[in-house]
$ cat query_15.txt   # compact mmCIF, C-alpha atoms
# COMPACT_ATOMS: atom_id res chain seq x y z
CA GLY T 1 -138.92 95.98 129.94
CA ASP T 2 -140.66 98.39 127.49
CA GLY T 3 -143.54 96.07 126.82
CA THR T 4 -141.94 94.55 123.74
CA ALA T 5 -142.80 90.86 123.62
CA LEU T 6 -140.83 88.02 122.07
CA VAL T 7 -143.10 85.12 121.15
CA LEU T 8 -141.94 82.13 119.15
CA GLY T 9 -144.05 82.00 115.97
CA ASP T 10 -144.71 78.23 115.71
CA GLY T 11 -146.13 78.64 118.95
CA THR T 12 -142.55 79.77 118.52
CA THR T 13 -142.75 83.07 116.51
CA LEU T 14 -140.75 86.04 117.88
CA VAL T 15 -143.20 88.98 117.85
CA LEU T 16 -141.89 92.44 118.73
CA GLY T 17 -144.15 94.98 120.39
CA ASP T 18 -144.30 97.14 117.26
CA GLY T 19 -145.78 94.29 115.23
CA THR T 20 -142.49 93.22 113.65
CA THR T 21 -142.11 89.43 113.78
CA LEU T 22 -139.09 87.15 113.77
CA ALA T 23 -140.03 83.68 112.56
CA LEU T 24 -137.56 80.82 112.85
CA GLY T 25 -137.32 79.68 109.23
CA ASP T 26 -135.80 76.20 109.15
CA GLY T 27 -133.72 76.21 112.27
CA THR T 28 -130.93 78.12 110.62
CA THR T 29 -132.62 81.27 109.24
CA LEU T 30 -134.36 84.10 111.05
CA VAL T 31 -137.14 85.62 108.88
CA LEU T 32 -138.26 89.16 109.75
CA GLY T 33 -141.90 90.18 109.49
CA ASP T 34 -141.23 92.33 106.44
CA GLY T 35 -139.83 89.35 104.56
CA THR T 36 -136.13 90.09 105.14
CA THR T 37 -133.99 87.27 106.52
CA LEU T 38 -131.00 86.92 108.81
CA GLN T 39 -128.91 83.94 107.69
CA GLU T 40 -126.81 82.16 110.35
CA ASP T 41 -123.12 82.08 109.28
CA GLY T 42 -121.93 79.23 111.51
CA ASN T 43 -119.63 81.52 113.46
CA GLY T 44 -121.32 81.36 116.84
CA PRO T 45 -119.08 81.38 119.95
CA VAL T 46 -118.95 78.66 122.59
CA LEU T 47 -119.37 80.00 126.12
CA SER T 48 -118.65 78.50 129.51
CA SER T 49 -121.66 78.29 131.81
CA ASP T 50 -120.42 81.30 133.83
CA GLY T 51 -119.64 83.35 130.73
CA GLN T 52 -115.99 83.89 131.72
CA VAL T 53 -114.48 81.91 128.84
CA VAL T 54 -115.40 82.15 125.17
CA LEU T 55 -114.23 79.97 122.29
CA TYR T 56 -114.63 81.90 119.02
CA VAL T 57 -115.32 79.34 116.34
CA ASP T 58 -114.43 80.06 112.72
CA PRO T 59 -117.12 79.04 110.20
CA LEU T 60 -117.34 75.27 110.60
CA THR T 61 -119.77 72.62 109.48
CA PHE T 62 -121.40 70.51 112.16
CA VAL T 63 -123.90 67.71 111.68
CA PRO T 64 -126.57 66.85 114.25
CA GLY T 65 -124.98 65.44 117.42
CA GLU T 66 -121.61 67.20 116.96
CA TYR T 67 -120.60 69.93 119.39
CA TYR T 68 -117.95 71.81 121.35
CA SER T 69 -118.44 72.55 125.05
CA LEU T 70 -116.54 74.23 127.90
CA GLN T 71 -116.82 72.69 131.37
CA ALA T 72 -115.40 74.08 134.62
CA VAL T 73 -112.60 71.98 136.15
CA THR T 74 -112.53 71.89 139.93
CA ARG T 75 -109.43 69.75 140.36
CA LEU T 76 -106.39 70.34 138.17
CA PRO T 77 -103.47 68.04 137.33
CA ALA T 78 -100.25 68.97 139.16
CA VAL T 79 -99.59 72.68 138.62
CA PRO T 80 -96.00 73.98 138.34
CA GLY T 81 -94.72 75.63 141.50
CA TRP T 82 -93.79 78.81 139.64
CA VAL T 83 -97.35 79.75 138.64
CA ALA T 84 -100.45 80.96 140.47
CA GLN T 85 -103.90 80.13 139.13
CA VAL T 86 -106.17 83.06 138.26
CA GLY T 87 -109.89 82.31 138.17
CA GLN T 88 -111.46 79.04 137.03
CA ALA T 89 -109.95 76.41 134.72
CA TYR T 90 -111.98 74.79 131.93
CA ARG T 91 -112.00 71.63 129.86
CA LEU T 92 -112.71 71.94 126.15
CA LEU T 93 -114.72 68.93 124.99
CA VAL T 94 -115.09 68.03 121.32
CA SER T 95 -117.60 65.40 120.28
CA PRO T 96 -116.53 62.50 118.01
CA GLY T 97 -116.50 63.56 114.36
CA ALA T 98 -116.68 67.29 115.12
CA PRO T 99 -114.30 69.64 113.26
CA ASP T 100 -110.79 70.09 114.65
CA ALA T 101 -110.80 72.63 117.48
CA ALA T 102 -107.08 73.44 117.28
CA GLY T 103 -106.17 77.01 116.36
CA GLN T 104 -109.47 78.55 117.49
CA PRO T 105 -109.18 81.71 119.66
CA ILE T 106 -110.07 81.20 123.32
CA SER T 107 -110.64 84.18 125.61
CA PHE T 108 -110.46 84.24 129.42
CA ARG T 109 -112.08 87.07 131.37
CA TYR T 110 -110.53 87.75 134.77
CA LEU T 111 -111.16 89.95 137.78
CA GLY T 112 -108.53 92.49 138.71
CA ARG T 113 -108.66 91.41 142.36
CA ASP T 114 -107.64 87.87 141.37
CA VAL T 115 -104.40 89.01 139.71
CA PRO T 116 -101.29 88.88 141.94
CA ASN T 117 -99.88 92.41 142.27
CA GLY T 118 -103.09 93.84 140.82
CA GLU T 119 -102.79 95.89 137.65
CA ALA T 120 -98.98 95.70 137.76
CA GLY T 121 -99.25 91.92 137.48
CA GLU T 122 -101.51 91.73 134.43
CA LYS T 123 -98.48 91.55 132.12
CA ASP T 124 -97.52 88.29 133.89
CA LEU T 125 -100.72 86.47 132.90
CA GLY T 126 -100.76 83.64 130.38
CA ILE T 127 -103.09 80.88 129.19
CA TYR T 128 -101.73 77.36 129.65
CA TYR T 129 -102.80 74.07 128.06
CA TYR T 130 -102.49 70.68 129.74
CA ASP T 131 -101.33 68.16 127.11
CA GLY T 132 -101.69 65.07 129.32
CA ALA T 133 -98.08 65.18 130.50
CA GLY T 134 -97.59 68.76 131.63
CA TRP T 135 -98.70 72.37 131.31
CA GLN T 136 -97.65 74.17 128.14
CA PRO T 137 -97.71 77.99 127.98
CA LEU T 138 -99.54 79.43 124.98
CA THR T 139 -98.69 82.71 123.28
CA THR T 140 -101.13 85.01 125.06
CA PHE T 141 -102.35 88.50 124.27
CA ILE T 142 -103.53 90.57 127.25
CA ASP T 143 -106.18 93.29 126.93
CA GLU T 144 -105.73 95.12 130.24
CA GLU T 145 -108.53 97.59 129.48
CA HIS T 146 -111.12 94.81 129.23
CA ASN T 147 -109.46 92.30 131.60
CA SER T 148 -109.18 89.55 129.02
CA ALA T 149 -106.49 87.13 127.85
CA VAL T 150 -106.61 85.48 124.41
CA ALA T 151 -104.66 82.56 122.93
CA GLN T 152 -105.13 79.90 120.25
CA THR T 153 -106.29 76.48 121.37
CA ARG T 154 -104.35 73.25 120.88
CA GLY T 155 -107.50 71.14 120.66
CA PRO T 156 -109.54 69.35 123.33
CA GLY T 157 -108.09 69.43 126.84
CA ILE T 158 -107.75 71.62 129.94
CA TYR T 159 -107.07 75.34 129.74
CA ALA T 160 -106.25 77.66 132.63
CA LEU T 161 -105.10 81.21 133.21
CA PHE T 162 -101.92 81.40 135.29
CA SER T 163 -99.76 84.20 136.59
CA THR T 164 -95.98 83.85 136.63
CA ILE T 165 -93.02 86.24 136.69
CA GLN T 166 -90.87 86.00 133.57
CA VAL T 167 -87.43 87.12 134.72
CA PRO T 168 -85.19 87.78 131.70
CA LEU T 169 -81.73 86.21 131.50
CA GLN T 170 -78.90 87.20 129.20
CA GLY T 171 -78.30 83.64 128.06
CA GLN T 172 -75.54 81.13 128.59
CA GLY T 173 -73.00 82.14 131.26
CA TRP T 174 -73.42 84.35 134.31
CA ASN T 175 -76.76 86.10 134.84
CA LEU T 176 -77.69 88.49 137.66
CA PHE T 177 -81.41 88.18 138.34
CA ASN T 178 -83.99 89.27 140.90
CA TYR T 179 -85.81 86.62 142.89
CA ALA T 180 -89.31 87.97 142.41
CA ALA T 181 -91.31 85.39 144.34
CA SER T 182 -93.28 86.45 147.41
CA VAL T 183 -92.06 83.50 149.53
CA ALA T 184 -88.65 81.94 150.14
CA LEU T 185 -88.13 78.55 148.48
CA PRO T 186 -85.33 75.94 148.39
CA VAL T 187 -82.97 76.69 145.51
CA GLN T 188 -83.93 73.76 143.30
CA GLU T 189 -87.63 74.29 143.92
CA ALA T 190 -87.40 78.00 143.16
CA LEU T 191 -85.53 77.30 139.90
CA ALA T 192 -87.62 74.30 138.83
CA SER T 193 -88.60 76.03 135.58
CA ILE T 194 -84.97 75.81 134.35
CA GLN T 195 -84.03 72.47 135.91
CA GLY T 196 -80.99 70.96 134.18
CA LYS T 197 -80.09 74.27 132.51
CA TYR T 198 -77.93 75.80 135.26
CA SER T 199 -75.03 74.66 137.42
CA THR T 200 -74.27 77.22 140.11
CA VAL T 201 -76.02 80.00 142.05
CA TYR T 202 -74.32 82.62 144.20
CA HIS T 203 -75.68 85.21 146.62
CA TYR T 204 -73.65 88.05 148.08
CA GLN T 205 -74.50 88.80 151.72
CA PRO T 206 -71.73 90.85 153.37
CA ASN T 207 -72.64 90.19 157.01
CA HIS T 208 -73.40 86.47 156.79
CA PRO T 209 -71.44 84.39 159.36
CA ASP T 210 -70.36 81.92 156.64
CA GLY T 211 -68.78 84.73 154.62
CA PRO T 212 -70.19 87.13 152.05
CA TRP T 213 -70.60 84.56 149.25
CA LEU T 214 -73.21 81.83 149.69
CA VAL T 215 -73.15 79.16 146.99
CA PHE T 216 -75.35 76.37 145.65
CA ASP T 217 -73.97 73.98 143.05
CA ILE T 218 -75.89 71.02 141.67
CA ALA T 219 -72.77 68.82 141.86
CA MET T 220 -71.92 69.57 145.51
CA PRO T 221 -73.18 67.46 148.44
CA TYR T 222 -76.06 69.07 150.32
CA PHE T 223 -73.96 69.63 153.43
CA VAL T 224 -71.38 71.62 151.45
CA ASN T 225 -73.87 73.98 149.80
CA SER T 226 -74.18 77.13 151.89
CA LEU T 227 -77.02 78.70 149.88
CA LYS T 228 -80.14 76.82 150.95
CA ARG T 229 -83.01 79.04 149.83
CA LEU T 230 -83.81 81.91 147.50
CA GLU T 231 -85.46 84.77 149.35
CA PRO T 232 -87.81 87.54 148.20
CA ARG T 233 -86.34 90.90 147.21
CA LYS T 234 -82.80 89.59 146.85
CA ALA T 235 -80.54 89.21 143.84
CA TYR T 236 -78.60 86.13 142.72
CA TRP T 237 -75.92 85.22 140.22
CA LEU T 238 -76.86 82.15 138.17
CA TYR T 239 -74.61 80.29 135.73
CA ALA T 240 -76.69 79.06 132.79
CA THR T 241 -75.23 76.04 131.01
CA GLU T 242 -77.24 76.66 127.85
CA PRO T 243 -78.78 79.70 126.13
CA ILE T 244 -81.96 80.22 128.15
CA THR T 245 -83.79 83.54 128.00
CA ASN T 246 -85.85 83.61 131.21
CA VAL T 247 -86.59 81.94 134.50
CA GLN T 248 -90.19 81.66 135.71
CA LEU T 249 -90.93 82.53 139.33
CA PRO T 250 -94.08 82.84 141.45
CA PRO T 251 -95.50 86.40 141.49
CA GLY T 252 -93.90 89.05 143.73
CA ALA T 253 -91.36 91.89 143.69
CA ALA T 254 -87.59 92.21 144.04
CA SER T 255 -84.56 94.50 144.07
CA VAL T 256 -80.89 94.19 143.09
CA GLN T 257 -78.29 94.12 145.88
CA SER T 258 -74.83 93.32 144.50
CA VAL T 259 -73.09 93.49 141.16
CA PHE T 260 -69.78 91.84 142.11
CA LEU T 261 -68.94 88.95 139.80
CA PRO T 262 -69.16 85.63 141.69
CA PRO T 263 -65.99 84.08 143.09
CA SER T 264 -64.38 80.77 142.23
CA SER T 265 -65.39 78.12 144.76
CA TYR T 266 -63.72 74.88 145.83
CA TYR T 267 -64.73 71.98 148.04
CA GLY T 268 -63.55 68.48 148.86
CA VAL T 269 -62.07 66.18 151.46
CA VAL T 270 -59.09 67.28 153.54
CA GLN T 271 -56.83 64.25 153.64
CA ALA T 272 -54.81 63.15 156.66
CA THR T 273 -51.11 62.40 156.30
CA ALA T 274 -48.37 61.34 158.69
CA ASP T 275 -47.64 64.93 159.66
CA PHE T 276 -51.08 66.55 159.28
CA THR T 277 -54.38 65.57 160.90
CA PRO T 278 -57.38 67.62 159.78
CA ALA T 279 -60.31 68.26 162.12
CA PRO T 280 -63.68 70.02 161.90
CA GLY T 281 -63.53 73.73 162.66
CA MET T 282 -60.14 74.44 161.08
CA GLU T 283 -59.83 77.68 159.13
CA VAL T 284 -59.42 77.28 155.38
CA SER T 285 -58.09 80.14 153.24
CA ALA T 286 -57.55 80.68 149.52
CA TRP T 287 -54.60 82.75 148.25
CA ILE T 288 -53.67 84.28 144.91
CA GLY T 289 -50.12 85.55 144.95
CA GLY T 290 -49.79 87.15 148.36
CA VAL T 291 -53.44 88.16 148.62
CA ARG T 292 -55.89 86.35 150.87
CA CYS T 293 -58.96 86.05 148.63
CA GLY T 294 -61.37 83.94 150.68
CA GLN T 295 -61.86 81.84 153.78
CA GLY T 296 -64.00 79.09 155.24
CA VAL T 297 -63.95 76.35 157.86
CA THR T 298 -63.77 72.56 157.73
CA VAL T 299 -66.77 70.41 158.64
CA GLY T 300 -67.19 66.75 159.51
CA ALA T 301 -69.53 64.64 157.38
CA ASN T 302 -69.77 61.04 156.18
CA GLY T 303 -66.75 60.00 158.25
CA ALA T 304 -64.42 62.57 156.68
CA VAL T 305 -63.35 66.18 157.07
CA TRP T 306 -64.56 68.47 154.29
CA TYR T 307 -63.87 72.06 153.37
CA ARG T 308 -65.53 74.74 151.29
CA VAL T 309 -63.77 77.98 150.39
CA TYR T 310 -64.10 80.66 147.74
CA ALA T 311 -61.57 82.94 146.03
CA ALA T 312 -62.99 86.39 145.29
CA SER T 313 -62.87 88.00 141.86
CA GLU T 314 -60.60 90.91 140.99
CA GLU T 315 -63.70 93.13 140.93
CA GLU T 316 -64.44 92.34 144.57
CA THR T 317 -60.87 92.29 145.94
CA ALA T 318 -57.89 93.79 144.12
CA GLY T 319 -55.26 91.21 143.25
CA CYS T 320 -57.63 88.25 143.46
CA GLY T 321 -59.37 86.12 140.87
CA ALA T 322 -59.27 86.43 137.09
CA PRO T 323 -59.00 83.86 134.29
CA GLY T 324 -55.48 82.42 134.12
CA ARG T 325 -54.63 83.02 137.80
CA ARG T 326 -53.82 80.18 140.20
CA VAL T 327 -55.10 79.59 143.73
CA ARG T 328 -53.26 78.03 146.71
CA PHE T 329 -54.82 76.86 149.97
CA GLN T 330 -54.10 76.78 153.70
CA VAL T 331 -55.89 74.59 156.24
CA GLY T 332 -55.26 75.32 159.90
CA GLY T 333 -52.36 77.56 158.90
CA VAL T 334 -50.64 74.76 156.95
CA TRP T 335 -50.03 75.11 153.23
CA MET T 336 -51.67 72.37 151.19
CA ASP T 337 -49.97 70.74 148.22
CA GLY T 338 -50.80 71.86 144.72
CA GLU T 339 -52.94 74.69 143.39
CA ALA T 340 -56.00 75.16 141.20
CA PRO T 341 -57.06 77.51 138.41
CA TRP T 342 -59.37 80.41 139.23
CA ASP T 343 -62.60 79.54 137.37
CA ASN T 344 -65.96 80.85 138.50
CA THR T 345 -68.01 79.01 135.86
CA GLN T 346 -68.30 75.95 138.11
CA VAL T 347 -67.58 74.81 141.65
CA GLN T 348 -64.44 72.65 141.67
CA ASN T 349 -64.04 69.43 143.66
CA LEU T 350 -60.43 69.50 144.87
CA PRO T 351 -59.12 67.20 147.64
CA LEU T 352 -56.50 68.90 149.82
CA GLY T 353 -53.59 67.44 151.70
CA THR T 354 -49.89 67.69 152.45
CA SER T 355 -47.09 65.44 151.29
CA SER T 356 -45.67 63.16 153.98
CA LEU T 357 -42.26 63.52 152.35
CA LYS T 358 -39.89 66.00 153.99
CA GLU T 359 -37.01 67.83 152.41
CA LEU T 360 -33.74 66.16 153.36
CA PHE T 361 -30.58 68.22 153.05
CA LEU T 362 -27.47 66.09 152.38
CA PRO T 363 -23.95 67.31 153.07
CA LEU T 364 -21.87 68.58 150.20
CA VAL T 365 -18.90 66.25 149.61
CA GLU T 366 -15.94 67.59 147.72
CA ARG T 367 -12.64 65.99 146.79
$ encode --input "query_15.txt" --output "structure tokens"
Amino acid sequence: GDGTALVLGDGTTLVLGDGTTLALGDGTTLVLGDGTTLQEDGNGPVLSSDGQVVLYVDPLTFVPGEYYSLQAVTRLPAVPGWVAQVGQAYRLLVSPGAPDAAGQPISFRYLGRDVPNGEAGEKDLGIYYYDGAGWQPLTTFIDEEHNSAVAQTRGPGIYALFSTIQVPLQGQGWNLFNYAASVALPVQEALASIQGKYSTVYHYQPNHPDGPWLVFDIAMPYFVNSLKRLEPRKAYWLYATEPITNVQLPPGAASVQSVFLPPSSYYGVVQATADFTPAPGMEVSAWIGGVRCGQGVTVGANGAVWYRVYAASEEETAGCGAPGRRVRFQVGGVWMDGEAPWDNTQVQNLPLGTSSLKELFLPLVER
């Protein structure tokens, strides 16, 4: 723009406007007009065609015909439901015989408008690598000032920048967490990132017609589970069966609603006997001592009558559930045989029924 000209000196010399020349020495050395040289160190970056992704290559030795390249990917393999793609994905190609590309820093530039939740969501960004079977998160460093994310490559393959909410969990046992997704999802779909690592989910909703505690348990039939979906801006109790540290959710925001410990829940078939015939719509109640700790109703399914009922914790209702306490049940106002331990670590399958045997009082005979 200032009149300075760059002309290659072999017909390819670089000549600056002040008379200084840059002559390409042997393809690897730049020779200045005053005799000084600039030696190439082999540390040149690899750029995508749009300049949004850079692979910073450590000093490596290539022979003619060897290369790295970054190509935009327009159609990705199946993406996990708990992530949102940010910007373009790229495939790292490595020619046969070229040095190993694993461990090289790769940097993604992103636009603030593409990040869910804007600046507040930048902390949720991460670079992922597709290993041929699934997407693997890479340890990612975010530079919010320059809108860039950096991770180390795993070698040739597809790389993408995703956004996901990392919701921390305390570990094995009960965890109260916020559902931070922006859309409601079925329970198992919402918790797909920890599939097989949890057993039960509770949600406390005081005014719900099915009672304040909605429950989903992986072992219960679908028609017995009352918690069908996880909804934005609500809180849930989750029982982790192994020491997991977070659950990944689609981007969004949330708030805590209840801190009551979850109840102990029971379900099963209500059995008919000679003196008791169960029917759908009967009230079911759970009792600890003389305290009514929960209620539900029977339903008809698969040719049988089923029930689901919970027994609240001591924290929720004084005199109710705690480890070591026992629970008794009524169906349609009739006491069922037996009892069960109060245990909120899992939903218990417990058939209910009455004995067909009646007490028979014999006369006292004395001599």
$ residues_near_point --input "query_15.txt" --point "(-113.1, 72.2, 124.5)" --cutoff "10 Å" --atoms "all atoms listed in the file" --output "number ranges by chain"
T: 46, 48, 55, 67-71, 90-95, 101-102, 106, 153-159
$ atom_distance --input "query_15.txt" --atom1 "CA of Met220 (chain T)" --atom2 "CA of Gln271 (chain T)"
17.9 Å
$ atom_distance --input "query_15.txt" --atom1 "CA of Leu249 (chain T)" --atom2 "CA of Pro80 (chain T)"
10.0 Å
$ closest_residue --input "query_15.txt" --among "T:Ala190, T:Cys293, T:Leu352, T:Leu238" --to "Thr317 (chain T)" --atoms "all atoms listed in the file"
T:Cys293
$ atom_distance --input "query_15.txt" --atom1 "CA of Gln248 (chain T)" --atom2 "CA of Ala180 (chain T)"
9.2 Å
$ residues_near_point --input "query_15.txt" --point "(-53.2, 76.3, 146.4)" --cutoff "12 Å" --atoms "all atoms listed in the file" --output "MDAnalysis selection string"
chainID T and resid 266 284:290 292:294 309:311 325:331 334:342 350:354
$ write_last_selection --input "query_15.txt" --atoms "C-alpha atoms" --output "PDB file, keeping the file's coordinate frame"
ATOM      1  CA  TYR T 266     -63.720  74.880 145.830  1.00  0.00           C
ATOM      2  CA  VAL T 284     -59.420  77.280 155.380  1.00  0.00           C
ATOM      3  CA  SER T 285     -58.090  80.140 153.240  1.00  0.00           C
ATOM      4  CA  ALA T 286     -57.550  80.680 149.520  1.00  0.00           C
ATOM      5  CA  TRP T 287     -54.600  82.750 148.250  1.00  0.00           C
ATOM      6  CA  ILE T 288     -53.670  84.280 144.910  1.00  0.00           C
ATOM      7  CA  GLY T 289     -50.120  85.550 144.950  1.00  0.00           C
ATOM      8  CA  GLY T 290     -49.790  87.150 148.360  1.00  0.00           C
ATOM      9  CA  ARG T 292     -55.890  86.350 150.870  1.00  0.00           C
ATOM     10  CA  CYS T 293     -58.960  86.050 148.630  1.00  0.00           C
ATOM     11  CA  GLY T 294     -61.370  83.940 150.680  1.00  0.00           C
ATOM     12  CA  VAL T 309     -63.770  77.980 150.390  1.00  0.00           C
ATOM     13  CA  TYR T 310     -64.100  80.660 147.740  1.00  0.00           C
ATOM     14  CA  ALA T 311     -61.570  82.940 146.030  1.00  0.00           C
ATOM     15  CA  ARG T 325     -54.630  83.020 137.800  1.00  0.00           C
ATOM     16  CA  ARG T 326     -53.820  80.180 140.200  1.00  0.00           C
ATOM     17  CA  VAL T 327     -55.100  79.590 143.730  1.00  0.00           C
ATOM     18  CA  ARG T 328     -53.260  78.030 146.710  1.00  0.00           C
ATOM     19  CA  PHE T 329     -54.820  76.860 149.970  1.00  0.00           C
ATOM     20  CA  GLN T 330     -54.100  76.780 153.700  1.00  0.00           C
ATOM     21  CA  VAL T 331     -55.890  74.590 156.240  1.00  0.00           C
ATOM     22  CA  VAL T 334     -50.640  74.760 156.950  1.00  0.00           C
ATOM     23  CA  TRP T 335     -50.030  75.110 153.230  1.00  0.00           C
ATOM     24  CA  MET T 336     -51.670  72.370 151.190  1.00  0.00           C
ATOM     25  CA  ASP T 337     -49.970  70.740 148.220  1.00  0.00           C
ATOM     26  CA  GLY T 338     -50.800  71.860 144.720  1.00  0.00           C
ATOM     27  CA  GLU T 339     -52.940  74.690 143.390  1.00  0.00           C
ATOM     28  CA  ALA T 340     -56.000  75.160 141.200  1.00  0.00           C
ATOM     29  CA  PRO T 341     -57.060  77.510 138.410  1.00  0.00           C
ATOM     30  CA  TRP T 342     -59.370  80.410 139.230  1.00  0.00           C
ATOM     31  CA  LEU T 350     -60.430  69.500 144.870  1.00  0.00           C
ATOM     32  CA  PRO T 351     -59.120  67.200 147.640  1.00  0.00           C
ATOM     33  CA  LEU T 352     -56.500  68.900 149.820  1.00  0.00           C
ATOM     34  CA  GLY T 353     -53.590  67.440 151.700  1.00  0.00           C
ATOM     35  CA  THR T 354     -49.890  67.690 152.450  1.00  0.00           C
TER      36      THR T 354
END
$ residues_around --input "query_15.txt" --residues "Ala84 (chain T)" --least-positions-apart "5" --cutoff "7 Å" --atoms "all atoms listed in the file" --output "NGL selection string"
:T and (162-164 or 250)
$ closest_residue --input "query_15.txt" --among "T:Gly196, T:Ala149, T:Ser264, T:Thr277" --to "Gln348 (chain T)" --atoms "all atoms listed in the file"
T:Ser264
$ closest_residue --input "query_15.txt" --among "T:Pro323, T:Pro209, T:Pro232, T:Pro96" --to "Gly296 (chain T)" --atoms "only C-alpha atoms"
T:Pro209
$ closest_residue --input "query_15.txt" --among "T:Pro221, T:Ala133, T:Asp58, T:Val79" --to "Gly268 (chain T)" --atoms "only C-alpha atoms"
T:Pro221
$ residues_around --input "query_15.txt" --residues "Leu191 (chain T)" --least-positions-apart "3" --cutoff "9 Å" --atoms "all atoms listed in the file" --output "mmCIF file with C-alpha atoms, in the frame of the given file"
data_model
loop_
_atom_site.group_PDB
_atom_site.id
_atom_site.type_symbol
_atom_site.label_atom_id
_atom_site.label_comp_id
_atom_site.auth_asym_id
_atom_site.auth_seq_id
_atom_site.Cartn_x
_atom_site.Cartn_y
_atom_site.Cartn_z
ATOM 1 C CA TRP T 82 -93.790 78.810 139.640
ATOM 2 C CA PRO T 186 -85.330 75.940 148.390
ATOM 3 C CA VAL T 187 -82.970 76.690 145.510
ATOM 4 C CA GLN T 188 -83.930 73.760 143.300
ATOM 5 C CA ILE T 194 -84.970 75.810 134.350
ATOM 6 C CA GLN T 195 -84.030 72.470 135.910
ATOM 7 C CA VAL T 247 -86.590 81.940 134.500
ATOM 8 C CA GLN T 248 -90.190 81.660 135.710
ATOM 9 C CA LEU T 249 -90.930 82.530 139.330
#
